[in-house]
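In what follows, a single structure is set out as structure tokens and then discussed.
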Amino acid sequence: MAGVEEQSVFLRIAALSAEALAPGGAVYTTAFLAACSEVLPIVEKLGTAFAMVRMDVNGNITRLKDCQAVDPAKYAELFPIALDEVASGEACGSRSATKGILWLKRAMEFVTALLQRLRDNRGETLPAAASEAYTETLYKYHGWVTSAAFTVALKLAPSRETFFQQFDLPPGADLMEQMQTCLKAFCPVLAAVQTFLAEHDLDDPTRL
């Protein structure tokens, strides 16, 4: 069996997701952030117009890694990071780690929604799938300036053929099957993060 580093990006995300989901719905910080980092190459394949998404994801990953590094044992799981900020009154700050968790989760939901649409609707163009995924996930949290910028980026997305050709899979590998393996493993992790945020009233609906 190939090592994680030799697998496709989809199988790497699936493997890391399996490591990230802890018993009882907790999420292990290192594995979760590693899985999110593996999503960055997928975003890059959407083209330079999605640089803002890539920068936002990378920034939130870095923020959470820095927070974890303060006390690696205490923050081996993700949610105590936010709970400590709630206790100190810092969770609502725009640069808080809690907001980093929230927006990282939302960005991942956009990417997974896009991949799911591309898999389920084989005749749908990538720009159309991206537009629908955006409407389902991020649109309700964006103000008109951010929404307008995102709309432009969606129109500049490559064709689905160009997008898929960028994934260097070994001969005989089934791209759609690997995408579904990725989604089946990663989406429950994102659902666990959403459950935590909702239970603690941290799913801030404010538009940015």
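Here, A, B, ... name the chains of the structure tokens in the order displayed, residue numbers run from 1 inside each chain, and ligands are numbered from 1 in the same displayed order.
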(request) Quick one: everything within 12 Å of Arg117 (chain A), counting only C-alpha atoms, minus sequence neighbours fewer than 2 positions away in the same chain. Send it as an NGL selection string. (result) :A and (110-115 or 119-134 or 136 or 160 or 176 or 179-180 or 183)
(request) Please report, as number ranges by chain, each residue of region 62-191 of chain A to which DSSP assigns alpha helix (DSSP H) when run on this structure's backbone. (result) A: 62-70, 79-88, 97-120, 126-137, 144-155, 160-165, 175-191
(request) Rank A:Ile101, A:Ala14, A:Glu90, A:Met52 by their smallest atom-to-atom distance to Thr146 (chain A), using only C-alpha atoms, and report the top residue only. (result) A:Met52
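Each of A:Thr30, A:Met108, A:Cys36, A:Cys182 was compared to Ala69 (chain A) using only C-alpha atoms, and A:Thr30 turns out to be the nearest.
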Close residues, Ala91 (chain A) itself excluded, 12 Å, only C-alpha atoms, min 3 positions apart in chain, as an mmCIF file with N, CA and C atoms, in the first residue's frame:
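The resulting file, out22.cif, is shown below:
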data_model
loop_
_atom_site.group_PDB
_atom_site.id
_atom_site.type_symbol
_atom_site.label_atom_id
_atom_site.label_comp_id
_atom_site.auth_asym_id
_atom_site.auth_seq_id
_atom_site.Cartn_x
_atom_site.Cartn_y
_atom_site.Cartn_z
ATOM 1 N N PHE A 79 -11.218 21.844 19.543
ATOM 2 C CA PHE A 79 -12.251 22.640 20.185
ATOM 3 C C PHE A 79 -11.807 23.361 21.459
ATOM 4 N N PRO A 80 -10.884 22.817 22.250
ATOM 5 C CA PRO A 80 -10.411 23.579 23.409
ATOM 6 C C PRO A 80 -9.803 24.932 23.048
ATOM 7 N N ILE A 81 -9.289 25.064 21.849
ATOM 8 C CA ILE A 81 -8.760 26.361 21.413
ATOM 9 C C ILE A 81 -9.871 27.405 21.456
ATOM 10 N N ALA A 82 -11.021 27.053 20.898
ATOM 11 C CA ALA A 82 -12.150 27.975 20.883
ATOM 12 C C ALA A 82 -12.755 28.151 22.272
ATOM 13 N N LEU A 83 -12.848 27.077 23.021
ATOM 14 C CA LEU A 83 -13.445 27.158 24.358
ATOM 15 C C LEU A 83 -12.641 28.068 25.280
ATOM 16 N N ASP A 84 -11.323 28.033 25.143
ATOM 17 C CA ASP A 84 -10.492 28.933 25.950
ATOM 18 C C ASP A 84 -10.728 30.387 25.553
ATOM 19 N N GLU A 85 -10.923 30.635 24.273
ATOM 20 C CA GLU A 85 -11.210 32.004 23.828
ATOM 21 C C GLU A 85 -12.589 32.453 24.294
ATOM 22 N N VAL A 86 -13.541 31.546 24.331
ATOM 23 C CA VAL A 86 -14.867 31.877 24.864
ATOM 24 C C VAL A 86 -14.733 32.285 26.327
ATOM 25 N N ALA A 87 -13.964 31.514 27.086
ATOM 26 C CA ALA A 87 -13.790 31.784 28.513
ATOM 27 C C ALA A 87 -13.093 33.114 28.762
ATOM 28 N N SER A 88 -12.191 33.494 27.877
ATOM 29 C CA SER A 88 -11.441 34.748 28.044
ATOM 30 C C SER A 88 -12.105 35.939 27.363
ATOM 31 N N SER A 94 -12.228 39.495 15.439
ATOM 32 C CA SER A 94 -12.096 39.146 14.024
ATOM 33 C C SER A 94 -10.843 38.336 13.734
ATOM 34 N N ARG A 95 -9.816 38.463 14.575
ATOM 35 C CA ARG A 95 -8.574 37.721 14.377
ATOM 36 C C ARG A 95 -8.430 36.571 15.364
ATOM 37 N N SER A 96 -9.516 36.180 15.985
ATOM 38 C CA SER A 96 -9.451 35.097 16.961
ATOM 39 C C SER A 96 -9.256 33.756 16.270
ATOM 40 N N ALA A 97 -8.740 32.798 17.016
ATOM 41 C CA ALA A 97 -8.613 31.441 16.491
ATOM 42 C C ALA A 97 -9.994 30.838 16.242
ATOM 43 N N THR A 98 -10.965 31.219 17.055
ATOM 44 C CA THR A 98 -12.331 30.737 16.868
ATOM 45 C C THR A 98 -12.868 31.132 15.497
ATOM 46 N N LYS A 99 -12.636 32.384 15.107
ATOM 47 C CA LYS A 99 -13.052 32.821 13.771
ATOM 48 C C LYS A 99 -12.242 32.082 12.702
ATOM 49 N N GLY A 100 -10.997 31.760 13.020
ATOM 50 C CA GLY A 100 -10.188 30.984 12.084
ATOM 51 C C GLY A 100 -10.794 29.614 11.840
ATOM 52 N N ILE A 101 -11.248 28.961 12.903
ATOM 53 C CA ILE A 101 -11.911 27.662 12.761
ATOM 54 C C ILE A 101 -13.174 27.812 11.915
ATOM 55 N N LEU A 102 -13.960 28.830 12.219
ATOM 56 C CA LEU A 102 -15.225 29.047 11.521
ATOM 57 C C LEU A 102 -15.020 29.236 10.022
ATOM 58 N N LEU A 197 -19.522 24.292 16.730
ATOM 59 C CA LEU A 197 -19.741 25.738 16.610
ATOM 60 C C LEU A 197 -21.193 26.099 16.904
ATOM 61 N N HIS A 200 -22.185 25.834 20.648
ATOM 62 C CA HIS A 200 -21.601 26.879 21.499
ATOM 63 C C HIS A 200 -21.879 28.292 20.976
ATOM 64 N N ASP A 201 -22.851 28.388 20.063
ATOM 65 C CA ASP A 201 -23.276 29.680 19.526
ATOM 66 C C ASP A 201 -22.098 30.441 18.914
ATOM 67 N N LEU A 202 -21.250 29.729 18.181
ATOM 68 C CA LEU A 202 -20.060 30.344 17.575
ATOM 69 C C LEU A 202 -20.153 30.396 16.055
ATOM 70 N N ASP A 203 -21.307 29.997 15.509
ATOM 71 C CA ASP A 203 -21.498 30.019 14.051
ATOM 72 C C ASP A 203 -22.026 31.401 13.653
ATOM 73 N N ASP A 204 -21.158 32.380 13.750
ATOM 74 C CA ASP A 204 -21.506 33.791 13.549
ATOM 75 C C ASP A 204 -22.033 34.016 12.120
#
(message) Need to verify the contact set: Val9 (chain A), 7 Å, only C-alpha atoms, exclusion of same-chain residues closer than 3 positions in sequence. Can you return it as a ChimeraX atom specification?
(response) /A:12-13,38
(message) Restricting the calculation to only C-alpha atoms: of A:Lys105, A:Lys74, A:Lys45, A:Arg207, which residue gets closest to Val57 (chain A)?
(response) A:Lys105
(message) So that I can check the surroundings of Leu11 (chain A), please list as a ChimeraX atom specification every protein, DNA and RNA residue that reaches within 9 Å of it, counting only C-alpha atoms and ignoring chain neighbours fewer than 3 positions away.
(response) /A:4,7-8,14-16,178-179,181-182
(message) Need to verify the contact set: Glu77 (chain A), 10 Å, only C-alpha atoms, exclusion of same-chain residues closer than 4 positions in sequence. Can you return it as a ChimeraX atom specification?
(response) /A:20-22,26-32,68,72-73,81
(request) Select, from A:Glu109, A:Ala34, A:Ser159, A:Ala51, the residue with the minimum atom-to-atom distance to Lys65 (chain A), counting only C-alpha atoms. (result)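 Closest to Lys65 (chain A) of all the choices is A:Ala34.
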